[in-house]
Amino acid sequence: MLFNKIFSYGNLLKMNLSEDLSVIVLAAGKGRRMKSEIPKVLHKLLGRPIVYYVLSTIKKLSPKNIFIVTGYKREPIIDYTKSNFPEAGILVQENQLGTAHAVYTAKDKKNSLGRYTLVLSADTPLISTIVIKKLLENTVRTKSKAGIITTSVPDPKGYGRIIKDKKGSITKIVEDADANFEERKITEVNSSIYCFETEILFENIDKIGTVNNQKEHYLTDIIEMLVRDGKKVSCLKISDYEEVMGINNRQQLSSVESIMQGRINENFMKNGVTIRNPQSCYIESSAIIERDVIIEPCCFIKGQTTIRKNSVIGPFCQIINSKVGEGTRINSSIIIDSDIGKNNNIGPYSYVKSNAVVRDNIKIGKGAVIEEDSLISEDIH
């Protein structure tokens, strides 16, 4: 049984997310494998930072509070969060000593947290509210002190492995760097998305040591501690491993962007847009495209762009932060920050620059350049 704001299980429990759920988003890591001066979570996916997608998903849950843990090159992350997600509180991990240490920065806030605390990384942009709600549901239903999302992946290298007993219950999580030969054969992996009873989390978080190859405080170690103390820990294993894919390098950034683009294009097509060759078209999620629009191959549609019905966007077009009126045809042209009217025919090889306004029934031919702040009236042919 899924829920939005409140869910229940007979007399077992009623949970109001706006009172009982807090969220900690981890965004303090150095992201060394990105080999970049830009903080990892600010790298762009379809025009928006990675962290945007995680915070947007969490915001839809309407939790009691959201905290984002920053650390390495934190200033731009803090600035972005304050400007775009002002409801999120900022926590600072001065030294990057591991995921448990990152969560520990919220200890002073524990009295203001809800009964449950969701912990997840800022670099898992494909996670959905539906899956998170299933995790919460499973944790509550099984009366667990902690719940984890797991999945099986074709190549588990780099992931923490889920270790279970003969009954199929989790006993611990072993990080890839610390796994032995047999443990590395396991394909069920940790998603690094957890739901804890808040009180239990902070009773144990500062007991985690650094006996591992990385000399860091692993949040995963709390699972073994809870199991050893007789506390119930549950796993929610999901079949779609793409949902919990993390981003640690440029290859993974590209892979996740391809998945996200496929989902966006598929959604447009389900809603009446024809995309001739979806694999070749880059369309950001911020775009609005109405029914019966046709998009030919090799198009780039970015930013706050709106394309009205019955328009045709021919091959090799770039349309950025622009409005395209009903019934307009654009072919092999660039439109930037402009307002294009109805029933126009633009291109090929036209360049409509910033702040141009093109009225209705206009033809703009080969090589035309419309300068900034131009206004083309209806009597020009």
# chains A, B, ... in the order shown; residues from 1 in each chain; ligands from 1
$ select_by_dssp --residues "stretch 82-218 of chain A" --states "strand (DSSP E or B)" --output "VMD selection string"
chain A and resid 88 to 92 116 to 121 146 to 152 161 to 164 170 to 174 188 to 197
$ residues_around --residues "A:Gly89" --least-positions-apart "5" --cutoff "8 Å" --atoms "only C-alpha atoms" --output "list in words"
Asn65, Ile66, Phe67 and Ile68 of chain A
$ write_last_selection --atoms "N, CA and C atoms" --output "mmCIF file, in the first residue's frame"
data_model
loop_
_atom_site.group_PDB
_atom_site.id
_atom_site.type_symbol
_atom_site.label_atom_id
_atom_site.label_comp_id
_atom_site.auth_asym_id
_atom_site.auth_seq_id
_atom_site.Cartn_x
_atom_site.Cartn_y
_atom_site.Cartn_z
ATOM 1 N N ASN A 65 11.726 17.955 7.786
ATOM 2 C CA ASN A 65 12.866 18.804 7.453
ATOM 3 C C ASN A 65 13.844 18.053 6.553
ATOM 4 N N ILE A 66 14.652 18.828 5.851
ATOM 5 C CA ILE A 66 15.673 18.314 4.940
ATOM 6 C C ILE A 66 16.982 18.984 5.310
ATOM 7 N N PHE A 67 18.037 18.186 5.411
ATOM 8 C CA PHE A 67 19.374 18.721 5.629
ATOM 9 C C PHE A 67 20.296 18.193 4.537
ATOM 10 N N ILE A 68 21.166 19.058 4.048
ATOM 11 C CA ILE A 68 22.166 18.632 3.079
ATOM 12 C C ILE A 68 23.536 18.832 3.706
#
$ atom_distance --atom1 "atom CA of A:Val273" --atom2 "atom CA of A:Leu253"
26.8 Å
$ select_by_dssp --residues "stretch 175-270 of chain A" --states "alpha helix (DSSP H)" --output "ChimeraX atom specification"
/A:198-204,221-228,250-270
$ write_last_selection --atoms "C-alpha atoms" --output "PDB file, in the first residue's frame"
ATOM      1  CA  THR A 198      16.120   8.386  14.366  1.00  0.00           C
ATOM      2  CA  GLU A 199      16.761   7.504  17.999  1.00  0.00           C
ATOM      3  CA  ILE A 200      18.554   4.269  17.065  1.00  0.00           C
ATOM      4  CA  LEU A 201      20.611   6.043  14.393  1.00  0.00           C
ATOM      5  CA  PHE A 202      22.065   8.600  16.787  1.00  0.00           C
ATOM      6  CA  GLU A 203      22.500   6.141  19.619  1.00  0.00           C
ATOM      7  CA  ASN A 204      24.941   4.214  17.416  1.00  0.00           C
ATOM      8  CA  ASP A 221      28.948  -0.508   9.662  1.00  0.00           C
ATOM      9  CA  ILE A 222      25.872   0.488  11.636  1.00  0.00           C
ATOM     10  CA  ILE A 223      23.959  -2.376  10.006  1.00  0.00           C
ATOM     11  CA  GLU A 224      26.225  -5.039  11.487  1.00  0.00           C
ATOM     12  CA  MET A 225      26.108  -3.252  14.857  1.00  0.00           C
ATOM     13  CA  LEU A 226      22.304  -3.268  14.908  1.00  0.00           C
ATOM     14  CA  VAL A 227      22.083  -6.923  13.848  1.00  0.00           C
ATOM     15  CA  ARG A 228      24.634  -7.912  16.485  1.00  0.00           C
ATOM     16  CA  ARG A 250      32.282  10.942 -16.231  1.00  0.00           C
ATOM     17  CA  GLN A 251      31.286   7.606 -17.758  1.00  0.00           C
ATOM     18  CA  GLN A 252      28.598   7.107 -15.130  1.00  0.00           C
ATOM     19  CA  LEU A 253      27.476  10.709 -15.613  1.00  0.00           C
ATOM     20  CA  SER A 254      26.986   9.989 -19.308  1.00  0.00           C
ATOM     21  CA  SER A 255      25.196   6.690 -18.638  1.00  0.00           C
ATOM     22  CA  VAL A 256      22.761   8.253 -16.192  1.00  0.00           C
ATOM     23  CA  GLU A 257      22.087  11.170 -18.550  1.00  0.00           C
ATOM     24  CA  SER A 258      21.272   8.710 -21.350  1.00  0.00           C
ATOM     25  CA  ILE A 259      18.816   6.874 -19.113  1.00  0.00           C
ATOM     26  CA  MET A 260      17.222  10.114 -17.982  1.00  0.00           C
ATOM     27  CA  GLN A 261      16.983  11.385 -21.571  1.00  0.00           C
ATOM     28  CA  GLY A 262      15.335   8.162 -22.662  1.00  0.00           C
ATOM     29  CA  ARG A 263      12.706   8.522 -19.948  1.00  0.00           C
ATOM     30  CA  ILE A 264      11.997  12.146 -20.864  1.00  0.00           C
ATOM     31  CA  ASN A 265      11.672  11.405 -24.581  1.00  0.00           C
ATOM     32  CA  GLU A 266       9.487   8.381 -23.903  1.00  0.00           C
ATOM     33  CA  ASN A 267       7.188  10.492 -21.749  1.00  0.00           C
ATOM     34  CA  PHE A 268       6.827  13.100 -24.496  1.00  0.00           C
ATOM     35  CA  MET A 269       5.986  10.398 -27.030  1.00  0.00           C
ATOM     36  CA  LYS A 270       3.411   8.847 -24.706  1.00  0.00           C
TER      37      LYS A 270
END
$ residues_around --residues "stretch 279-296 of chain A" --least-positions-apart "6" --cutoff "9 Å" --atoms "only C-alpha atoms" --output "ChimeraX atom specification"
/A:45-48,258,261-262,264-265,268-269,271-273,302-317,321,326-327
$ write_last_selection --atoms "N, CA and C atoms" --output "compact mmCIF listing (two decimals), in the first residue's frame"
# COMPACT_ATOMS: atom_id res chain seq x y z
N LEU A 45 23.18 17.44 -15.48
CA LEU A 45 22.45 16.37 -16.15
C LEU A 45 21.27 17.02 -16.85
N LEU A 46 21.26 17.02 -18.17
CA LEU A 46 20.17 17.64 -18.93
C LEU A 46 19.89 19.05 -18.42
N GLY A 47 20.96 19.80 -18.24
CA GLY A 47 20.83 21.21 -17.93
C GLY A 47 20.68 21.56 -16.46
N ARG A 48 20.60 20.56 -15.59
CA ARG A 48 20.43 20.83 -14.16
C ARG A 48 21.46 20.07 -13.35
N SER A 258 21.94 9.44 -20.27
CA SER A 258 21.27 8.71 -21.35
C SER A 258 19.98 8.06 -20.87
N GLN A 261 17.48 10.87 -20.29
CA GLN A 261 16.98 11.38 -21.57
C GLN A 261 15.98 10.43 -22.19
N GLY A 262 16.27 9.15 -22.12
CA GLY A 262 15.34 8.16 -22.66
C GLY A 262 13.98 8.24 -21.99
N ILE A 264 12.65 10.89 -20.49
CA ILE A 264 12.00 12.15 -20.86
C ILE A 264 11.40 12.03 -22.26
N ASN A 265 12.17 11.53 -23.21
CA ASN A 265 11.67 11.40 -24.58
C ASN A 265 10.50 10.44 -24.65
N PHE A 268 7.37 12.21 -23.47
CA PHE A 268 6.83 13.10 -24.50
C PHE A 268 6.07 12.30 -25.55
N MET A 269 6.64 11.20 -25.99
CA MET A 269 5.99 10.40 -27.03
C MET A 269 4.68 9.78 -26.53
N ASN A 271 2.72 11.17 -24.64
CA ASN A 271 1.75 12.26 -24.56
C ASN A 271 1.52 12.95 -25.90
N GLY A 272 1.86 12.26 -27.00
CA GLY A 272 1.45 12.75 -28.31
C GLY A 272 2.47 13.51 -29.11
N VAL A 273 3.74 13.47 -28.73
CA VAL A 273 4.80 14.12 -29.50
C VAL A 273 5.51 13.06 -30.33
N LYS A 302 16.47 23.09 -25.15
CA LYS A 302 17.01 23.33 -23.82
C LYS A 302 16.25 24.41 -23.07
N GLY A 303 16.41 24.39 -21.75
CA GLY A 303 15.92 25.46 -20.90
C GLY A 303 14.40 25.57 -20.88
N GLN A 304 13.93 26.79 -20.65
CA GLN A 304 12.50 27.06 -20.55
C GLN A 304 11.92 27.29 -21.95
N THR A 305 11.88 26.22 -22.70
CA THR A 305 11.37 26.28 -24.08
C THR A 305 9.96 25.70 -24.14
N THR A 306 9.08 26.36 -24.88
CA THR A 306 7.72 25.88 -25.11
C THR A 306 7.48 25.77 -26.60
N ILE A 307 7.02 24.62 -27.05
CA ILE A 307 6.70 24.42 -28.46
C ILE A 307 5.23 24.03 -28.57
N ARG A 308 4.46 24.85 -29.24
CA ARG A 308 3.02 24.65 -29.33
C ARG A 308 2.66 23.61 -30.39
N LYS A 309 1.44 23.14 -30.34
CA LYS A 309 0.98 22.01 -31.15
C LYS A 309 1.13 22.25 -32.65
N ASN A 310 1.26 21.12 -33.35
CA ASN A 310 1.35 21.08 -34.82
C ASN A 310 2.59 21.75 -35.39
N SER A 311 3.56 22.04 -34.55
CA SER A 311 4.82 22.58 -35.06
C SER A 311 5.74 21.43 -35.50
N VAL A 312 6.67 21.75 -36.38
CA VAL A 312 7.65 20.77 -36.85
C VAL A 312 9.04 21.35 -36.61
N ILE A 313 9.82 20.64 -35.82
CA ILE A 313 11.20 21.05 -35.57
C ILE A 313 12.08 20.14 -36.42
N GLY A 314 12.59 20.72 -37.51
CA GLY A 314 13.36 19.93 -38.46
C GLY A 314 14.70 19.50 -37.90
N PRO A 315 15.45 18.71 -38.65
CA PRO A 315 16.73 18.20 -38.15
C PRO A 315 17.75 19.32 -37.92
N PHE A 316 18.64 19.06 -36.96
CA PHE A 316 19.77 19.95 -36.67
C PHE A 316 19.32 21.34 -36.19
N CYS A 317 18.30 21.35 -35.33
CA CYS A 317 17.87 22.61 -34.73
C CYS A 317 18.36 22.71 -33.29
N ASN A 321 15.52 28.29 -24.45
CA ASN A 321 14.76 29.31 -23.72
C ASN A 321 13.87 30.15 -24.64
N GLU A 326 2.14 27.81 -32.47
CA GLU A 326 1.43 26.71 -33.12
C GLU A 326 1.66 26.72 -34.63
N GLY A 327 1.92 25.54 -35.18
CA GLY A 327 2.02 25.39 -36.63
C GLY A 327 3.28 25.93 -37.26
$ residues_around --residues "stretch 186-190 of chain A" --least-positions-apart "4" --cutoff "10 Å" --atoms "only C-alpha atoms" --output "PyMOL selection string"
chain A and resi 148-164+173-176+179+181-182+194+220+235+237+241+244
$ write_last_selection --atoms "C-alpha atoms" --output "short mmCIF file (atom, residue, chain, number, x, y, z; two decimals), in the first residue's frame"
data_model
loop_
_atom_site.label_atom_id
_atom_site.label_comp_id
_atom_site.auth_asym_id
_atom_site.auth_seq_id
_atom_site.Cartn_x
_atom_site.Cartn_y
_atom_site.Cartn_z
CA ILE A 148 17.94 -0.44 3.15
CA ILE A 149 17.26 -0.44 -0.58
CA THR A 150 19.27 -3.13 -2.35
CA THR A 151 19.42 -4.36 -5.92
CA SER A 152 21.34 -6.80 -8.09
CA VAL A 153 23.64 -5.33 -10.72
CA PRO A 154 25.44 -6.93 -13.69
CA ASP A 155 28.80 -5.56 -12.54
CA PRO A 156 28.97 -5.00 -8.75
CA LYS A 157 32.48 -3.54 -8.79
CA GLY A 158 32.64 -0.47 -6.58
CA TYR A 159 29.46 -1.26 -4.66
CA GLY A 160 29.10 -2.46 -1.08
CA ARG A 161 27.95 -6.11 -1.02
CA ILE A 162 24.92 -7.28 0.95
CA ILE A 163 25.84 -10.20 3.18
CA LYS A 164 22.95 -12.41 4.30
CA ILE A 173 27.41 -4.72 4.33
CA VAL A 174 30.97 -5.09 3.09
CA GLU A 175 32.46 -2.26 1.06
CA ASP A 176 34.11 -3.23 -2.22
CA ALA A 179 35.51 -7.44 0.38
CA PHE A 181 37.27 -12.91 -3.12
CA GLU A 182 34.01 -14.71 -2.31
CA TYR A 194 18.57 4.03 4.20
CA THR A 220 27.32 0.73 6.44
CA CYS A 235 16.09 -4.98 2.93
CA LYS A 237 15.31 -5.31 -2.99
CA TYR A 241 18.97 -1.24 -10.61
CA VAL A 244 19.75 3.62 -7.62
#
$ closest_residue --among "A:Val324, A:Ile319, A:Ile130, A:Ile247" --to "A:Met34" --atoms "only C-alpha atoms"
A:Ile247
$ residues_around --residues "stretch 35-41 of chain A" --least-positions-apart "3" --cutoff "6 Å" --atoms "only C-alpha atoms" --output "NGL selection string"
:A and (31-32 or 50-51)
$ residues_around --residues "A:Gln318" --least-positions-apart "5" --cutoff "7 Å" --atoms "only C-alpha atoms" --output "PyMOL selection string"
chain A and resi 299-301+333-335
$ residues_around --residues "A:Gly325" --least-positions-apart "6" --cutoff "6 Å" --atoms "only C-alpha atoms" --output "VMD selection string"
chain A and resid 308 340 to 342
$ write_last_selection --atoms "N, CA and C atoms" --output "PDB file, in the first residue's frame"
ATOM      1  N   ARG A 308       4.465  24.853 -29.245  1.00  0.00           N
ATOM      2  CA  ARG A 308       3.017  24.649 -29.328  1.00  0.00           C
ATOM      3  C   ARG A 308       2.662  23.608 -30.391  1.00  0.00           C
ATOM      4  N   ILE A 340       8.762  33.115 -31.008  1.00  0.00           N
ATOM      5  CA  ILE A 340       8.399  32.855 -32.393  1.00  0.00           C
ATOM      6  C   ILE A 340       6.885  32.650 -32.470  1.00  0.00           C
ATOM      7  N   GLY A 341       6.226  33.370 -33.363  1.00  0.00           N
ATOM      8  CA  GLY A 341       4.778  33.314 -33.454  1.00  0.00           C
ATOM      9  C   GLY A 341       4.258  32.068 -34.149  1.00  0.00           C
ATOM     10  N   LYS A 342       2.987  32.120 -34.561  1.00  0.00           N
ATOM     11  CA  LYS A 342       2.309  30.988 -35.193  1.00  0.00           C
ATOM     12  C   LYS A 342       2.570  30.947 -36.694  1.00  0.00           C
TER      13      LYS A 342
END
$ closest_residue --among "A:Tyr53, A:Tyr351, A:Tyr218, A:Phe196" --to "A:Ala122" --atoms "only C-alpha atoms"
A:Tyr53
$ closest_residue --among "A:Val69, A:Ile193, A:Ala356, A:Ile275" --to "A:Lys133" --atoms "only C-alpha atoms"
A:Ile193
